[in-house]
Every structure is written in structure tokens, then in C-alpha cells.
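Below you'll find the structure, written out as C-alpha cells, and then a few comments.
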Amino acid sequence: MSNNETVFSKINVVIYLSYTSNSKRVALFCNNILNYNLIESSNVDLNIKYNNVLLVYPIHSENIPINLYNLIKNIKCNKMIVIATYGRINHGNSLYKLVYKYKLPIIGRCYFKCKHSYLKDDKYEPNYNELIPIINNFNNQDAKYIDIKKSSSTVGYNFFPKLRAQIGVKIILDKNKCNSCNICSEFCLNKAIINGKINKNCIRCLACVYNCPNNALDFKLSKILKFYLRKINDK
Ligand SMILES: Cc1cc2nc3c(=O)[nH]c(=O)nc-3n(C[C@H](O)[C@H](O)[C@H](O)COP(=O)(O)O)c2cc1C
Ligand code: SF4
Ligand code: SF4
């Protein structure tokens with residue numbers, strides 16, 4: 001073995017980032033098959049050189065969510081499969097970025113349609129079985145590192161996405177239901193909420209809204225965002 005060759009541990013992991021639980025459900029489904037170690041992305045030990053990594057994350061504004069950058073810049077592994085969940089509007093190009101910009105050793109990948117976090121009455125049911133051939137790639141000795149073509153993104157998708165989300169989504173606190181338990185801040189990866197009160201760091205991921213035990217948080221969409229969400233494509 002040459003001195004430059006990286007030695008990987010035998011540790012296999014399923015890593016997920018999930019704000020409104022779609023990606024977590026995908027991770028749980030896959031881990032039922034793989035039986036690896038299941039880890040939430042902010043708890044990953046980046047000093048370990050992993051063997052196989054399945055990474056599941058949601059698309060935010062046709063891109064990689066901000067809370068994942070530290071992980072993708074620093075993780076080391078032998079082989080990786082990536083599943084990016086999205087709300088059936090446009091998934092953008094994040095898988096392309098992971099291969100060509102971040103040089104991750106990807107042997108399988110897909111964009112996977114899920115419910116849209118911003119649609120309260122979204123009845124879409126993902127077909128998890130579609131993922132089986134992709135994750136089976138870990139057992140394929142001949143699996144190659146992938147080449148992926150660029151897909152199209154919406155013009156201006158990268159133009160102040162946080163500000164656009166803040167304008168498009170209003171988070172409302174019902175003071176009568178809130179008991180100041182501060183559980184919302186435990187779910188917030190951006191230090192953007194204390195006892196239901198939102199500050200300027202908020203990216204409108206809705207983790208706090210979906211996880212408030214007292215249903216004290218709700219959200220309202222602007223007319224423009226409602227109109228944009230009509231583009232949802234179930235084909
Ligand atoms: C801030 C934000 C931005 C989003 N941007 C997109 C998008 O550009 N295209 C899309 O199809 N879905 C988009 N979605 C929907 C999510 O990608 C989708 O619902 C995803 O499955 C959520 O995963 P999670 O429940 O694991 O957080 C967005 C959701 C949020 C909260
Ligand atoms: S989790 Fe809900 S009830 Fe608890 S402080 Fe936050 S908003 Fe209030
Ligand atoms: S405060 Fe904002 S960033 Fe934090 S969990 Fe809630 S929606 Fe997400």
C-alpha cells in the first residue's frame with residue numbers, strides 16, 4: 001500500500017438531515033435494509049474515515065441546505081450513495097455539485113420526490129421501493145464512481161434564498177398554546193428561535209413548526225409562493 005492511500009474504517013453509516021421528517025423517513029426505510037448505524041447529520045464524527053455512507057438530505061431552494069455544508073466539506077468515506085428528497089418542483093443541481101465540486105466518492109444517487117414541507121394538505125405518498133436498486137449498489141463490487149450530467153435550475157434560484165424564504169413564509173406563534181418549553185429551539189439548527197420567537201437567522205425550514213408539541217407554531221405562505229407551488233409536478 002502506498003503512503004498516500006487512505007485507510008478507511010469498517011464503519012458504515014446512514015446519515016440524514018431532515019427538518020420536516022421526509023428525509024428521515026427515507027433514511028429509516030433504507031436503514032431497515034442496510035442495517036448500518038443511523039446518525040443525524042449534526043452528530044456525525046468527522047474524525048472517522050467511514051467505509052460506506054448513505055446520505056439523505058432535502059433540497060432547499062434547488063440547492064444543498066446550509067446546515068449540510070460542514071459535513072460535505074469534511075466527511076471522508078470509501079463509498080457514498082446520496083438521496084436528495086424534494087417537493088416535486090425543481091431539484092436543481094446539488095448532486096452534480098457533490099460529485100464535481102466536493103469530490104465525494106459517489107457510487108449511486110437519486111433525487112427522490114416527497115411531500116412539500118410548505119404544503120399542509122400534500123397527499124403525495126413516496127414510493128420508497130424505488131430506492132432499493134440504488135442502495136443495493138453498496139453490495140455491487142463492480143459499482144463505479146458516478147458521472148452525472150448537470151440538470152436545469154430555475155433562473156435566480158441562488159438569489160438570496162434565505163431572504164426569499166423569509167418573505168414567502170410567515171411563522172406565527174399562538175401565545176395561548178405556547179407554554180415556553182423551548183423544545184422548538186432544540187430542533188432549530190440555526191439558533192433562530194427561543195420560546196417560539198423567531199429571529200433573523202431563520203431559514204424557514206419549519207423544523208420548529210413540525211415539532212412543537214403544543215401546535216403553538218403555524219405558517220402562512222405569501223400569494224407569490226402559493227402561486228409558485230402550483231407548479232408541483234406529480235408525473
Ligand atoms: C426552505 C425550503 C426550500 C425548499 N426548496 C425546494 C425546491 O427548491 N424545490 C423543491 O422541489 N422542493 C423544495 N422544498 C421542499 C423540500 O425539498 C421537501 O419537502 C423535502 O422532502 C423536505 O425534507 P425534510 O422533510 O427531510 O426536511 C423546500 C422546502 C423548504 C423548507
Ligand atoms: S416548542 Fe412550541 S410550546 Fe414550546 S416554546 Fe416552542 S413554540 Fe412554545
Ligand atoms: S426558527 Fe426558522 S430556522 Fe429555526 S427551526 Fe424554525 S423555521 Fe427552521
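Residue names in the C-alpha cells use chain letters A, B, ... in the order shown, residue numbers from 1 in each chain, and ligand numbers from 1 in the order shown.
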
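The list of residues with at least one atom within 10 Å of A:Tyr50, based on only C-alpha atoms and without residues fewer than 4 positions apart in the same chain, reads Val7, Phe8, Ser9, Lys10, Ile11, Asn12, Val13, Asp45, Leu46, Ile75, Lys76, Cys77, Asn78, Lys79 and Met80 of chain A.
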
**OP:** List all protein, DNA and RNA residues that have any atom at most 10 Å from ligand 2, counting only C-alpha atoms and all ligand atoms, and write the list as a VMD selection string.
**Re:** chain A and resid 172 to 187 193 to 198 208 to 218

For the residues selected in the previous step, produce a file with N, CA and C atoms as a tab-separated table (two decimals), in the first residue's frame.
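Result went into out12.tsv, see below:
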```
chain	number	residue	atom	x	y	z
A	172	ILE	N	-46.08	31.89	12.58
A	172	ILE	CA	-46.98	32.54	13.54
A	172	ILE	C	-46.97	31.76	14.85
A	173	LEU	N	-46.82	32.49	15.95
A	173	LEU	CA	-46.84	31.87	17.30
A	173	LEU	C	-48.19	32.16	17.96
A	174	ASP	N	-48.84	31.09	18.41
A	174	ASP	CA	-50.09	31.26	19.17
A	174	ASP	C	-49.70	31.27	20.66
A	175	LYS	N	-49.69	32.47	21.23
A	175	LYS	CA	-49.22	32.61	22.62
A	175	LYS	C	-50.10	31.82	23.61
A	176	ASN	N	-51.36	31.60	23.23
A	176	ASN	CA	-52.25	30.87	24.14
A	176	ASN	C	-51.88	29.39	24.22
A	177	LYS	N	-51.27	28.88	23.14
A	177	LYS	CA	-50.90	27.45	23.15
A	177	LYS	C	-49.47	27.24	23.64
A	178	CYS	N	-48.63	28.26	23.55
A	178	CYS	CA	-47.20	28.11	23.89
A	178	CYS	C	-46.99	28.10	25.41
A	179	ASN	N	-46.29	27.07	25.90
A	179	ASN	CA	-46.01	27.01	27.35
A	179	ASN	C	-44.53	27.28	27.65
A	180	SER	N	-43.82	27.89	26.69
A	180	SER	CA	-42.40	28.27	26.86
A	180	SER	C	-41.50	27.08	27.20
A	181	CYS	N	-41.82	25.91	26.63
A	181	CYS	CA	-40.98	24.73	26.91
A	181	CYS	C	-39.64	24.81	26.18
A	182	ASN	N	-39.56	25.64	25.16
A	182	ASN	CA	-38.35	25.86	24.34
A	182	ASN	C	-37.88	24.63	23.57
A	183	ILE	N	-38.75	23.65	23.39
A	183	ILE	CA	-38.40	22.47	22.58
A	183	ILE	C	-38.10	22.89	21.15
A	184	CYS	N	-38.79	23.94	20.68
A	184	CYS	CA	-38.56	24.43	19.31
A	184	CYS	C	-37.08	24.75	19.09
A	185	SER	N	-36.42	25.33	20.09
A	185	SER	CA	-35.01	25.71	19.88
A	185	SER	C	-34.12	24.48	19.80
A	186	GLU	N	-34.53	23.37	20.42
A	186	GLU	CA	-33.73	22.14	20.31
A	186	GLU	C	-33.77	21.60	18.88
A	187	PHE	N	-34.85	21.84	18.16
A	187	PHE	CA	-34.96	21.35	16.78
A	187	PHE	C	-34.37	22.32	15.77
A	193	ILE	N	-34.60	30.54	17.08
A	193	ILE	CA	-35.87	30.60	17.82
A	193	ILE	C	-35.63	30.38	19.31
A	194	ILE	N	-36.31	31.19	20.11
A	194	ILE	CA	-36.31	30.96	21.56
A	194	ILE	C	-37.75	31.10	22.03
A	195	ASN	N	-38.23	30.05	22.68
A	195	ASN	CA	-39.62	30.03	23.18
A	195	ASN	C	-40.62	30.51	22.13
A	196	GLY	N	-40.44	30.04	20.91
A	196	GLY	CA	-41.40	30.35	19.84
A	196	GLY	C	-41.16	31.66	19.13
A	197	LYS	N	-40.20	32.46	19.60
A	197	LYS	CA	-39.95	33.75	18.95
A	197	LYS	C	-38.79	33.61	17.97
A	198	ILE	N	-39.08	33.97	16.72
A	198	ILE	CA	-38.13	33.76	15.61
A	198	ILE	C	-37.22	34.98	15.47
A	208	CYS	N	-39.15	23.72	13.57
A	208	CYS	CA	-39.81	24.12	14.83
A	208	CYS	C	-41.32	23.93	14.73
A	209	VAL	N	-41.87	24.31	13.58
A	209	VAL	CA	-43.33	24.23	13.40
A	209	VAL	C	-43.79	22.76	13.48
A	210	TYR	N	-43.07	21.89	12.77
A	210	TYR	CA	-43.47	20.48	12.73
A	210	TYR	C	-43.24	19.77	14.06
A	211	ASN	N	-42.38	20.31	14.91
A	211	ASN	CA	-42.02	19.59	16.13
A	211	ASN	C	-42.51	20.22	17.43
A	212	CYS	N	-43.22	21.32	17.34
A	212	CYS	CA	-43.75	21.92	18.57
A	212	CYS	C	-44.80	20.96	19.17
A	213	PRO	N	-44.60	20.51	20.40
A	213	PRO	CA	-45.53	19.52	20.97
A	213	PRO	C	-46.91	20.09	21.26
A	214	ASN	N	-47.03	21.41	21.25
A	214	ASN	CA	-48.33	22.03	21.59
A	214	ASN	C	-49.01	22.67	20.38
A	215	ASN	N	-48.50	22.41	19.19
A	215	ASN	CA	-49.06	23.04	17.98
A	215	ASN	C	-49.20	24.55	18.12
A	216	ALA	N	-48.23	25.15	18.79
A	216	ALA	CA	-48.31	26.60	19.01
A	216	ALA	C	-47.73	27.38	17.83
A	217	LEU	N	-47.05	26.68	16.92
A	217	LEU	CA	-46.47	27.36	15.76
A	217	LEU	C	-47.20	26.94	14.49
A	218	ASP	N	-47.40	27.91	13.63
A	218	ASP	CA	-48.04	27.63	12.34
A	218	ASP	C	-47.33	28.49	11.30
```

Original post:
A:Leu131, A:Ala192, A:Ile39, A:Ile83: which is nearest ligand 1, counting only C-alpha atoms and all ligand atoms?
Top reply: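 Ranking A:Leu131, A:Ala192, A:Ile39, A:Ile83 by distance to ligand 1, first place goes to A:Ile83.
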
Subject >> Spatial neighbours of stretch 139-151 of chain A, max dist 10 Å, only C-alpha atoms, sep filter under 2 positions, as a ChimeraX atom specification >> reply: /A:34,79-81,90-97,99-100,104-109,135-137,153

Original post:
Quick one, how far is atom CA of A:Phe112 from atom CA of A:Cys188?
Top reply: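 The value is 24.0 Å.
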
Original post:
In Å, with one decimal, what is the gap from atom 5 (S, counted along the ligand's line) of ligand 3 to atom CA of A:Lys113?
Top reply: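 Pair atom 5 (S, counted along the ligand's line) of ligand 3 / atom CA of A:Lys113 returns 22.1 Å.
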
Subject >> Residues of stretch 89-123 of chain A in strand (DSSP E or B), written as a list in words >> reply: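 Filtering stretch 89-123 of chain A down to strand (DSSP E or B) leaves Ile106, Ile107, Gly108, Arg109, Cys110, Tyr111, Phe112 and Lys113 of chain A.
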
Subject >> Exercise answer, 6 Å around ligand 1 with only C-alpha atoms and all ligand atoms, as a PyMOL selection string >> reply: chain A and resi 18-24+58-62+85-91+114-117+204-205

**OP:** Measuring atom to atom with only C-alpha atoms and all ligand atoms, identify which of A:Leu229, A:Leu189, A:Leu38, A:Ile134 is nearest to ligand 3.
**Re:**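 Closest to ligand 3, using only C-alpha atoms and all ligand atoms: A:Leu189.
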
**OP:** Please report, as a PyMOL selection string, each residue of stretch 36-115 of chain A to which DSSP assigns alpha helix (DSSP H) when run on this structure's backbone.
**Re:** chain A and resi 69-74+94-100

Residues just named, written with C-alpha atoms as a tab-separated table (two decimals), in the first residue's frame:
```tsv
chain	number	residue	atom	x	y	z
A	69	TYR	CA	-22.05	22.20	4.15
A	70	ASN	CA	-19.77	21.46	7.10
A	71	LEU	CA	-20.43	17.75	6.66
A	72	ILE	CA	-19.95	17.55	2.91
A	73	LYS	CA	-16.75	19.60	3.07
A	74	ASN	CA	-15.20	17.42	5.78
A	94	SER	CA	-26.84	19.58	-5.88
A	95	LEU	CA	-25.84	16.01	-6.81
A	96	TYR	CA	-23.70	17.40	-9.62
A	97	LYS	CA	-22.05	19.74	-7.08
A	98	LEU	CA	-21.36	16.88	-4.67
A	99	VAL	CA	-19.51	14.96	-7.37
A	100	TYR	CA	-17.62	17.76	-9.15
```

Using only C-alpha atoms, determine which residues lie at most 12 Å from A:Arg164, disregarding the query and same-chain residues fewer than 6 positions distant; provide the list as a JSON list (two decimals) with N, CA and C atoms, in the first residue's frame.
```
[["chain", "number", "residue", "atom", "x", "y", "z"],
["A", 60, "HIS", "N", -33.19, 22.43, -0.66],
["A", 60, "HIS", "CA", -33.70, 23.74, -0.26],
["A", 60, "HIS", "C", -33.34, 24.74, -1.35],
["A", 61, "SER", "N", -34.31, 25.41, -1.89],
["A", 61, "SER", "CA", -34.09, 26.39, -2.97],
["A", 61, "SER", "C", -33.18, 25.82, -4.05],
["A", 156, "GLY", "N", -32.28, 32.46, -11.25],
["A", 156, "GLY", "CA", -32.30, 33.23, -10.00],
["A", 156, "GLY", "C", -32.47, 32.38, -8.75],
["A", 157, "TYR", "N", -32.34, 31.03, -8.88],
["A", 157, "TYR", "CA", -32.58, 30.16, -7.72],
["A", 157, "TYR", "C", -31.63, 30.48, -6.56],
["A", 158, "ASN", "N", -30.43, 31.03, -6.89],
["A", 158, "ASN", "CA", -29.41, 31.28, -5.88],
["A", 158, "ASN", "C", -29.41, 32.73, -5.38],
["A", 170, "LYS", "N", -44.43, 33.13, 6.50],
["A", 170, "LYS", "CA", -44.54, 33.82, 7.79],
["A", 170, "LYS", "C", -44.80, 32.75, 8.86],
["A", 202, "CYS", "N", -33.49, 32.82, 10.83],
["A", 202, "CYS", "CA", -34.43, 31.77, 10.40],
["A", 202, "CYS", "C", -34.39, 31.55, 8.89],
["A", 203, "ILE", "N", -34.26, 30.26, 8.48],
["A", 203, "ILE", "CA", -34.23, 29.92, 7.05],
["A", 203, "ILE", "C", -35.58, 29.36, 6.58],
["A", 204, "ARG", "N", -36.57, 29.35, 7.49],
["A", 204, "ARG", "CA", -37.92, 28.85, 7.19],
["A", 204, "ARG", "C", -37.90, 27.36, 6.80],
["A", 221, "LEU", "N", -48.23, 31.18, 3.83],
["A", 221, "LEU", "CA", -47.44, 31.45, 2.62],
["A", 221, "LEU", "C", -47.90, 32.74, 1.95],
["A", 222, "SER", "N", -46.95, 33.45, 1.34],
["A", 222, "SER", "CA", -47.33, 34.63, 0.56],
["A", 222, "SER", "C", -48.07, 34.18, -0.70],
["A", 224, "ILE", "N", -47.42, 34.95, -3.73],
["A", 224, "ILE", "CA", -46.47, 34.59, -4.80],
["A", 224, "ILE", "C", -45.97, 33.16, -4.60],
["A", 225, "LEU", "N", -45.66, 32.81, -3.35],
["A", 225, "LEU", "CA", -45.16, 31.45, -3.09],
["A", 225, "LEU", "C", -46.27, 30.43, -3.35]]
```
